[in-house]
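Structure file work_1.cif with mmCIF, N, CA and C atoms:
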data_structure
#
loop_
_atom_site.label_atom_id
_atom_site.label_comp_id
_atom_site.auth_asym_id
_atom_site.auth_seq_id
_atom_site.Cartn_x
_atom_site.Cartn_y
_atom_site.Cartn_z
N MET J 1 12.70 -30.76 -5.65
CA MET J 1 13.51 -31.94 -5.84
C MET J 1 13.61 -32.21 -7.34
N THR J 2 14.82 -32.43 -7.81
CA THR J 2 15.02 -32.70 -9.23
C THR J 2 14.69 -34.15 -9.55
N ALA J 3 14.46 -34.42 -10.81
CA ALA J 3 14.20 -35.79 -11.25
C ALA J 3 15.39 -36.69 -10.93
N ALA J 4 16.60 -36.16 -11.06
CA ALA J 4 17.79 -36.97 -10.77
C ALA J 4 17.88 -37.33 -9.30
N THR J 5 17.62 -36.38 -8.43
CA THR J 5 17.64 -36.65 -7.00
C THR J 5 16.57 -37.66 -6.63
N ALA J 6 15.39 -37.47 -7.17
CA ALA J 6 14.29 -38.39 -6.88
C ALA J 6 14.60 -39.79 -7.40
N ALA J 7 15.13 -39.87 -8.62
CA ALA J 7 15.43 -41.18 -9.21
C ALA J 7 16.51 -41.91 -8.40
N SER J 8 17.56 -41.20 -8.01
CA SER J 8 18.62 -41.86 -7.25
C SER J 8 18.13 -42.27 -5.87
N ALA J 9 17.28 -41.45 -5.26
CA ALA J 9 16.71 -41.80 -3.96
C ALA J 9 15.81 -43.03 -4.09
N GLU J 10 15.04 -43.08 -5.13
CA GLU J 10 14.15 -44.21 -5.37
C GLU J 10 14.96 -45.50 -5.53
N LEU J 11 16.14 -45.39 -6.14
CA LEU J 11 17.02 -46.55 -6.32
C LEU J 11 17.82 -46.86 -5.06
N GLY J 12 17.89 -45.90 -4.13
CA GLY J 12 18.72 -46.07 -2.95
C GLY J 12 20.19 -45.93 -3.28
N VAL J 13 20.50 -45.10 -4.29
CA VAL J 13 21.87 -44.92 -4.78
C VAL J 13 22.31 -43.49 -4.54
N SER J 14 23.49 -43.33 -3.96
CA SER J 14 24.09 -42.01 -3.82
C SER J 14 24.86 -41.69 -5.09
N LEU J 15 24.61 -40.55 -5.67
CA LEU J 15 25.30 -40.17 -6.92
C LEU J 15 26.77 -39.85 -6.67
N THR J 16 27.12 -39.54 -5.43
CA THR J 16 28.51 -39.25 -5.07
C THR J 16 28.95 -40.19 -3.95
N ARG J 17 28.98 -41.45 -4.24
CA ARG J 17 29.31 -42.47 -3.25
C ARG J 17 30.80 -42.45 -2.91
N ARG J 18 31.09 -42.39 -1.62
CA ARG J 18 32.47 -42.32 -1.15
C ARG J 18 33.30 -43.48 -1.72
N GLY J 19 34.48 -43.15 -2.22
CA GLY J 19 35.37 -44.15 -2.75
C GLY J 19 35.07 -44.57 -4.19
N LEU J 20 33.98 -44.09 -4.72
CA LEU J 20 33.58 -44.51 -6.07
C LEU J 20 33.30 -43.32 -6.99
N ALA J 21 32.69 -42.29 -6.45
CA ALA J 21 32.33 -41.14 -7.28
C ALA J 21 32.48 -39.85 -6.48
N ARG J 22 33.40 -39.03 -6.90
CA ARG J 22 33.64 -37.76 -6.21
C ARG J 22 32.85 -36.60 -6.79
N HIS J 23 32.44 -36.75 -8.03
CA HIS J 23 31.67 -35.65 -8.62
C HIS J 23 30.63 -36.17 -9.59
N VAL J 24 29.58 -35.38 -9.69
CA VAL J 24 28.46 -35.72 -10.56
C VAL J 24 28.19 -34.52 -11.45
N VAL J 25 27.76 -34.79 -12.67
CA VAL J 25 27.44 -33.72 -13.61
C VAL J 25 26.00 -33.91 -14.09
N PHE J 26 25.31 -32.80 -14.27
CA PHE J 26 23.94 -32.79 -14.78
C PHE J 26 23.99 -32.07 -16.13
N VAL J 27 23.59 -32.77 -17.20
CA VAL J 27 23.68 -32.18 -18.54
C VAL J 27 22.41 -32.45 -19.34
N THR J 28 22.27 -31.71 -20.41
CA THR J 28 21.29 -32.02 -21.44
C THR J 28 21.98 -31.88 -22.79
N PRO J 29 21.83 -32.87 -23.65
CA PRO J 29 22.45 -32.78 -24.97
C PRO J 29 21.64 -31.92 -25.94
N ARG J 30 20.45 -31.54 -25.54
CA ARG J 30 19.58 -30.75 -26.42
C ARG J 30 19.88 -29.26 -26.28
N ALA J 31 19.87 -28.59 -27.41
CA ALA J 31 19.99 -27.13 -27.42
C ALA J 31 18.67 -26.58 -27.96
N GLY J 32 18.13 -25.61 -27.27
CA GLY J 32 16.89 -25.00 -27.71
C GLY J 32 17.11 -24.11 -28.92
N LYS J 33 16.02 -23.73 -29.52
CA LYS J 33 16.09 -22.87 -30.70
C LYS J 33 16.80 -21.57 -30.32
N GLY J 34 17.81 -21.22 -31.08
CA GLY J 34 18.57 -20.01 -30.83
C GLY J 34 19.67 -20.17 -29.78
N GLU J 35 19.78 -21.34 -29.17
CA GLU J 35 20.83 -21.57 -28.18
C GLU J 35 22.04 -22.19 -28.87
N ARG J 36 23.22 -21.91 -28.33
CA ARG J 36 24.42 -22.49 -28.90
C ARG J 36 24.56 -23.93 -28.45
N GLU J 37 25.15 -24.76 -29.28
CA GLU J 37 25.44 -26.15 -28.93
C GLU J 37 26.46 -26.16 -27.80
N ASN J 38 26.47 -27.23 -27.03
CA ASN J 38 27.45 -27.34 -25.96
C ASN J 38 28.12 -28.71 -26.03
N ASP J 39 29.28 -28.81 -25.42
CA ASP J 39 30.01 -30.08 -25.42
C ASP J 39 29.62 -30.86 -24.17
N TRP J 40 28.37 -31.28 -24.11
CA TRP J 40 27.85 -32.03 -22.98
C TRP J 40 28.65 -33.31 -22.75
N ALA J 41 29.12 -33.94 -23.84
CA ALA J 41 29.85 -35.20 -23.73
C ALA J 41 31.15 -35.03 -22.96
N ALA J 42 31.83 -33.90 -23.13
CA ALA J 42 33.07 -33.66 -22.39
C ALA J 42 32.79 -33.62 -20.89
N SER J 43 31.68 -33.03 -20.51
CA SER J 43 31.31 -32.98 -19.09
C SER J 43 31.02 -34.37 -18.57
N VAL J 44 30.28 -35.17 -19.34
CA VAL J 44 29.96 -36.55 -18.93
C VAL J 44 31.24 -37.37 -18.78
N LEU J 45 32.15 -37.23 -19.73
CA LEU J 45 33.39 -38.01 -19.70
C LEU J 45 34.30 -37.61 -18.54
N ALA J 46 34.22 -36.37 -18.09
CA ALA J 46 35.06 -35.89 -17.00
C ALA J 46 34.50 -36.25 -15.62
N ALA J 47 33.25 -36.65 -15.54
CA ALA J 47 32.59 -36.92 -14.26
C ALA J 47 32.59 -38.41 -13.94
N ASP J 48 32.48 -38.71 -12.64
CA ASP J 48 32.33 -40.10 -12.21
C ASP J 48 30.90 -40.58 -12.42
N THR J 49 29.95 -39.69 -12.19
CA THR J 49 28.53 -40.00 -12.36
C THR J 49 27.92 -38.91 -13.23
N ALA J 50 27.06 -39.31 -14.15
CA ALA J 50 26.40 -38.34 -15.02
C ALA J 50 24.90 -38.53 -14.97
N VAL J 51 24.21 -37.42 -15.01
CA VAL J 51 22.76 -37.40 -15.14
C VAL J 51 22.47 -36.68 -16.45
N ILE J 52 21.74 -37.33 -17.32
CA ILE J 52 21.43 -36.74 -18.62
C ILE J 52 19.93 -36.52 -18.71
N TYR J 53 19.56 -35.26 -18.80
CA TYR J 53 18.16 -34.88 -18.95
C TYR J 53 17.83 -34.80 -20.43
N MET J 54 16.59 -35.06 -20.77
CA MET J 54 16.07 -34.94 -22.14
C MET J 54 16.93 -35.71 -23.15
N GLY J 55 17.36 -36.91 -22.75
CA GLY J 55 18.24 -37.67 -23.61
C GLY J 55 17.64 -38.92 -24.24
N ALA J 56 16.48 -39.34 -23.78
CA ALA J 56 15.91 -40.59 -24.30
C ALA J 56 15.69 -40.52 -25.81
N GLY J 57 15.26 -39.39 -26.31
CA GLY J 57 15.03 -39.25 -27.74
C GLY J 57 16.30 -39.18 -28.57
N LEU J 58 17.42 -38.99 -27.90
CA LEU J 58 18.71 -38.91 -28.57
C LEU J 58 19.61 -40.09 -28.19
N ALA J 59 18.99 -41.18 -27.78
CA ALA J 59 19.73 -42.31 -27.23
C ALA J 59 20.83 -42.83 -28.14
N GLU J 60 20.53 -43.03 -29.41
CA GLU J 60 21.54 -43.53 -30.35
C GLU J 60 22.73 -42.58 -30.42
N ALA J 61 22.44 -41.30 -30.55
CA ALA J 61 23.51 -40.30 -30.68
C ALA J 61 24.32 -40.21 -29.39
N ILE J 62 23.67 -40.29 -28.25
CA ILE J 62 24.36 -40.23 -26.96
C ILE J 62 25.30 -41.43 -26.83
N ARG J 63 24.77 -42.61 -27.10
CA ARG J 63 25.60 -43.82 -27.01
C ARG J 63 26.80 -43.71 -27.94
N ALA J 64 26.56 -43.34 -29.19
CA ALA J 64 27.64 -43.26 -30.18
C ALA J 64 28.69 -42.22 -29.76
N GLU J 65 28.25 -41.09 -29.30
CA GLU J 65 29.18 -40.02 -28.91
C GLU J 65 30.03 -40.44 -27.72
N LEU J 66 29.40 -40.99 -26.69
CA LEU J 66 30.15 -41.36 -25.49
C LEU J 66 31.09 -42.53 -25.74
N ILE J 67 30.62 -43.56 -26.42
CA ILE J 67 31.48 -44.71 -26.71
C ILE J 67 32.59 -44.29 -27.68
N GLY J 68 32.25 -43.48 -28.66
CA GLY J 68 33.25 -43.00 -29.61
C GLY J 68 34.35 -42.18 -28.97
N ARG J 69 34.04 -41.57 -27.83
CA ARG J 69 35.03 -40.75 -27.13
C ARG J 69 35.65 -41.49 -25.93
N GLY J 70 35.39 -42.81 -25.86
CA GLY J 70 36.11 -43.61 -24.88
C GLY J 70 35.36 -44.11 -23.66
N LYS J 71 34.09 -43.77 -23.52
CA LYS J 71 33.32 -44.29 -22.38
C LYS J 71 33.05 -45.78 -22.62
N PRO J 72 33.35 -46.65 -21.65
CA PRO J 72 33.12 -48.08 -21.87
C PRO J 72 31.65 -48.43 -22.10
N GLU J 73 31.42 -49.33 -23.03
CA GLU J 73 30.06 -49.80 -23.33
C GLU J 73 29.39 -50.41 -22.11
N ALA J 74 30.19 -50.99 -21.22
CA ALA J 74 29.65 -51.68 -20.04
C ALA J 74 29.36 -50.75 -18.87
N THR J 75 29.47 -49.44 -19.06
CA THR J 75 29.18 -48.50 -17.99
C THR J 75 27.73 -48.66 -17.57
N PRO J 76 27.49 -48.86 -16.26
CA PRO J 76 26.10 -49.03 -15.78
C PRO J 76 25.24 -47.81 -16.10
N LEU J 77 23.99 -48.08 -16.48
CA LEU J 77 23.05 -47.02 -16.83
C LEU J 77 21.66 -47.40 -16.33
N VAL J 78 20.98 -46.42 -15.78
CA VAL J 78 19.59 -46.60 -15.38
C VAL J 78 18.78 -45.49 -16.02
N LEU J 79 17.71 -45.86 -16.67
CA LEU J 79 16.77 -44.90 -17.26
C LEU J 79 15.53 -44.90 -16.37
N VAL J 80 15.19 -43.74 -15.84
CA VAL J 80 14.01 -43.63 -14.99
C VAL J 80 12.98 -42.78 -15.72
N GLU J 81 11.89 -43.41 -16.04
CA GLU J 81 10.80 -42.75 -16.76
C GLU J 81 9.79 -42.22 -15.75
N SER J 82 9.36 -40.98 -15.93
CA SER J 82 8.34 -40.34 -15.07
C SER J 82 8.71 -40.42 -13.58
N ALA J 83 9.93 -40.01 -13.27
CA ALA J 83 10.42 -40.07 -11.89
C ALA J 83 9.45 -39.39 -10.92
N THR J 84 9.21 -40.03 -9.82
CA THR J 84 8.34 -39.61 -8.70
C THR J 84 6.85 -39.74 -8.96
N LEU J 85 6.47 -40.08 -10.16
CA LEU J 85 5.05 -40.21 -10.47
C LEU J 85 4.59 -41.65 -10.26
N PRO J 86 3.31 -41.88 -10.05
CA PRO J 86 2.83 -43.25 -9.83
C PRO J 86 3.19 -44.20 -10.98
N GLU J 87 3.30 -43.68 -12.19
CA GLU J 87 3.61 -44.53 -13.35
C GLU J 87 5.12 -44.67 -13.60
N GLN J 88 5.93 -44.29 -12.64
CA GLN J 88 7.39 -44.40 -12.79
C GLN J 88 7.80 -45.81 -13.16
N ARG J 89 8.76 -45.88 -14.11
CA ARG J 89 9.37 -47.16 -14.48
C ARG J 89 10.87 -46.99 -14.45
N THR J 90 11.57 -48.01 -14.00
CA THR J 90 13.02 -48.00 -13.93
C THR J 90 13.55 -49.10 -14.83
N LEU J 91 14.35 -48.71 -15.80
CA LEU J 91 14.94 -49.65 -16.75
C LEU J 91 16.45 -49.65 -16.56
N ARG J 92 17.01 -50.82 -16.37
CA ARG J 92 18.43 -50.95 -16.06
C ARG J 92 19.19 -51.62 -17.20
N GLY J 93 20.44 -51.19 -17.38
CA GLY J 93 21.29 -51.80 -18.38
C GLY J 93 22.66 -51.16 -18.38
N THR J 94 23.24 -51.07 -19.55
CA THR J 94 24.55 -50.44 -19.71
C THR J 94 24.44 -49.38 -20.81
N LEU J 95 25.52 -48.65 -20.97
CA LEU J 95 25.54 -47.64 -22.02
C LEU J 95 25.24 -48.27 -23.38
N ALA J 96 25.72 -49.48 -23.61
CA ALA J 96 25.46 -50.17 -24.87
C ALA J 96 23.96 -50.42 -25.08
N ASP J 97 23.22 -50.58 -23.99
CA ASP J 97 21.78 -50.87 -24.05
C ASP J 97 20.90 -49.63 -24.20
N LEU J 98 21.50 -48.44 -24.11
CA LEU J 98 20.71 -47.21 -24.05
C LEU J 98 19.63 -47.10 -25.13
N PRO J 99 19.91 -47.31 -26.40
CA PRO J 99 18.84 -47.17 -27.39
C PRO J 99 17.65 -48.10 -27.15
N ALA J 100 17.91 -49.34 -26.77
CA ALA J 100 16.82 -50.28 -26.50
C ALA J 100 16.03 -49.86 -25.27
N LEU J 101 16.71 -49.37 -24.24
CA LEU J 101 16.01 -48.91 -23.04
C LEU J 101 15.15 -47.70 -23.36
N ALA J 102 15.69 -46.78 -24.13
CA ALA J 102 14.94 -45.58 -24.49
C ALA J 102 13.72 -45.93 -25.34
N LEU J 103 13.86 -46.90 -26.20
CA LEU J 103 12.74 -47.35 -27.02
C LEU J 103 11.63 -47.95 -26.16
N ALA J 104 12.02 -48.64 -25.11
CA ALA J 104 11.03 -49.26 -24.21
C ALA J 104 10.31 -48.22 -23.36
N ALA J 105 10.95 -47.09 -23.14
CA ALA J 105 10.33 -46.01 -22.35
C ALA J 105 9.39 -45.22 -23.25
N GLY J 106 8.31 -44.75 -22.68
CA GLY J 106 7.36 -44.00 -23.48
C GLY J 106 7.17 -42.57 -23.03
N GLY J 107 7.64 -42.26 -21.82
CA GLY J 107 7.43 -40.92 -21.28
C GLY J 107 8.74 -40.21 -21.03
N PRO J 108 8.67 -39.07 -20.37
CA PRO J 108 9.89 -38.33 -20.06
C PRO J 108 10.80 -39.18 -19.16
N ALA J 109 12.10 -39.10 -19.42
CA ALA J 109 13.03 -39.95 -18.68
C ALA J 109 14.31 -39.19 -18.37
N VAL J 110 14.93 -39.59 -17.29
CA VAL J 110 16.25 -39.11 -16.91
C VAL J 110 17.19 -40.31 -16.95
N LEU J 111 18.40 -40.09 -17.45
CA LEU J 111 19.40 -41.16 -17.55
C LEU J 111 20.44 -40.95 -16.46
N LEU J 112 20.74 -42.00 -15.72
CA LEU J 112 21.80 -41.99 -14.72
C LEU J 112 22.88 -42.93 -15.20
N LEU J 113 24.12 -42.47 -15.19
CA LEU J 113 25.22 -43.22 -15.80
C LEU J 113 26.43 -43.19 -14.88
N GLY J 114 26.97 -44.36 -14.56
CA GLY J 114 28.20 -44.40 -13.77
C GLY J 114 28.30 -45.63 -12.90
N GLU J 115 29.48 -45.84 -12.35
CA GLU J 115 29.75 -47.02 -11.54
C GLU J 115 28.91 -47.08 -10.26
N VAL J 116 28.44 -45.94 -9.77
CA VAL J 116 27.60 -45.95 -8.56
C VAL J 116 26.33 -46.77 -8.77
N LEU J 117 25.99 -47.02 -10.02
CA LEU J 117 24.76 -47.76 -10.35
C LEU J 117 24.98 -49.26 -10.49
N ARG J 118 26.22 -49.72 -10.37
CA ARG J 118 26.50 -51.15 -10.58
C ARG J 118 25.69 -52.03 -9.63
N ASP J 119 25.57 -51.65 -8.36
CA ASP J 119 24.78 -52.44 -7.41
C ASP J 119 23.31 -52.46 -7.80
N ALA J 120 22.81 -51.35 -8.33
CA ALA J 120 21.41 -51.30 -8.77
C ALA J 120 21.18 -52.24 -9.93
N LEU J 121 22.22 -52.47 -10.75
CA LEU J 121 22.10 -53.41 -11.86
C LEU J 121 22.13 -54.85 -11.36
N ALA J 122 23.00 -55.09 -10.38
CA ALA J 122 23.14 -56.44 -9.84
C ALA J 122 21.89 -56.88 -9.11
N ASP J 123 21.27 -55.97 -8.39
CA ASP J 123 20.06 -56.28 -7.64
C ASP J 123 18.88 -55.69 -8.41
N ARG J 124 18.25 -56.48 -9.22
CA ARG J 124 17.16 -55.98 -10.07
C ARG J 124 15.96 -55.50 -9.27
N ALA J 125 15.91 -55.87 -8.00
CA ALA J 125 14.82 -55.36 -7.15
C ALA J 125 15.14 -53.92 -6.79
N LEU J 126 14.12 -53.11 -6.65
CA LEU J 126 14.31 -51.72 -6.25
C LEU J 126 14.80 -51.70 -4.81
N VAL J 127 15.90 -51.05 -4.56
CA VAL J 127 16.52 -51.06 -3.24
C VAL J 127 16.39 -49.71 -2.55
N ALA J 128 15.30 -49.02 -2.78
CA ALA J 128 15.13 -47.68 -2.24
C ALA J 128 15.08 -47.68 -0.72
N ILE J 129 15.57 -46.60 -0.17
CA ILE J 129 15.49 -46.37 1.26
C ILE J 129 14.03 -46.07 1.58
N PRO J 130 13.36 -46.85 2.43
CA PRO J 130 11.92 -46.70 2.65
C PRO J 130 11.50 -45.30 3.07
N GLU J 131 12.26 -44.64 3.92
CA GLU J 131 11.89 -43.30 4.38
C GLU J 131 11.89 -42.30 3.23
N ILE J 132 12.87 -42.43 2.35
CA ILE J 132 12.94 -41.52 1.20
C ILE J 132 11.79 -41.79 0.25
N ARG J 133 11.50 -43.05 -0.01
CA ARG J 133 10.40 -43.39 -0.91
C ARG J 133 9.08 -42.83 -0.37
N ALA J 134 8.83 -42.97 0.93
CA ALA J 134 7.59 -42.45 1.52
C ALA J 134 7.50 -40.94 1.36
N CYS J 135 8.62 -40.26 1.54
CA CYS J 135 8.66 -38.80 1.38
C CYS J 135 8.37 -38.41 -0.06
N LEU J 136 8.93 -39.14 -1.02
CA LEU J 136 8.70 -38.84 -2.43
C LEU J 136 7.23 -39.03 -2.80
N ARG J 137 6.62 -40.05 -2.28
CA ARG J 137 5.24 -40.33 -2.63
C ARG J 137 4.29 -39.26 -2.08
N ARG J 138 4.68 -38.63 -0.97
CA ARG J 138 3.86 -37.56 -0.39
C ARG J 138 4.01 -36.25 -1.13
N ALA J 139 5.17 -36.05 -1.79
CA ALA J 139 5.47 -34.78 -2.46
C ALA J 139 4.57 -34.55 -3.65
#

Translate the structure of the given file into structure tokens.
Amino acid sequence: MTAATAASAELGVSLTRRGLARHVVFVTPRAGKGERENDWAASVLAADTAVIYMGAGLAEAIRAELIGRGKPEATPLVLVESATLPEQRTLRGTLADLPALALAAGGPAVLLLGEVLRDALADRALVAIPEIRACLRRA
């Protein structure tokens, strides 16, 4: 199970919710040593829902790149730190809030971005599906 799948299950959010999101993209803005750079932002901008791995440390650059290329500042965003682990923390906000959310996080985090997360922002309580949460805790 990927961190993105676990994080969305924990939130009770479908990354491809009917009528709202037809496609999801999984990206990382980081390029390893000797790897070529990629246009991760183009993929994020083309998708309804985006999952960004290894992005918390690049929060300022991610926000600037996406907003600079037309992504609305008010796009819902959830940062999930240490997904599936007992110390998991879920921080909610918008794309504009990303640097502050990343600063508040201290461990590895996955970023979920898109309108499918709007309900998760409105309901600050964790709305996870109980059966999925129990399964995650056993894994």

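Residues within 6.5 Å of Gly57 (chain J), counting all atoms listed in the file and excluding same-chain residues fewer than 3 positions away, are J:Met54, J:Glu60, J:Ala102.
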
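CA of Ser8 (chain J) is found 11.2 Å from atom N of Ala50 (chain J).
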
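The residue set within 6 Å of Arg63 (chain J), counting only N, CA and C atoms and dropping same-chain residues fewer than 5 places from it, reads Leu58, Gly68 and Leu95 of chain J.
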
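With distances taken over only N, CA and C atoms, J:Ala120 is the one residue among J:Val51, J:Leu85, J:Ala120, J:Ala61 lying closest to Leu11 (chain J).
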
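Every protein or nucleic acid residue with an atom no more than 6 Å from Gly114 (chain J), counting all atoms listed in the file and leaving out same-chain residues fewer than 6 positions away, appears here: J:Asp48, J:Thr49, J:Ala50, J:Thr75, J:Pro76, J:Leu77.
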
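Nearest-residue note for Ala6 (chain J): choosing from J:Ala83, J:Leu111, J:Ala104, J:Ile52, the minimum distance belongs to J:Ala83, counting only N, CA and C atoms.
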
Picked from region 60-96 of chain J by DSSP as helix (DSSP H, G or I), as number ranges by chain: J: 60-68, 95-96

Could you state the separation of CA of Leu112 (chain J) and CA of Val13 (chain J) in Å, given to one decimal place? 10.4 Å

Looking only at the backbone, which of the residues in chain J does DSSP tag as strand (DSSP E), as an MDAnalysis selection string? chainID J and resid 24:27 49:53 76:81 89:94 109:114

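Residue nearest Ala47 (chain J), chosen from J:Ile67, J:Ala31, J:Ala21, J:Ala7 and counting only C-alpha atoms: J:Ala21.
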
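Here the question is which of J:Ala59, J:Ala4, J:Val110, J:Val116 gets nearest to Glu81 (chain J) using only C-alpha atoms, and that residue is J:Val110.
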
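From atom C of Lys33 (chain J) back to CA of Ala56 (chain J), the distance works out to 20.0 Å.
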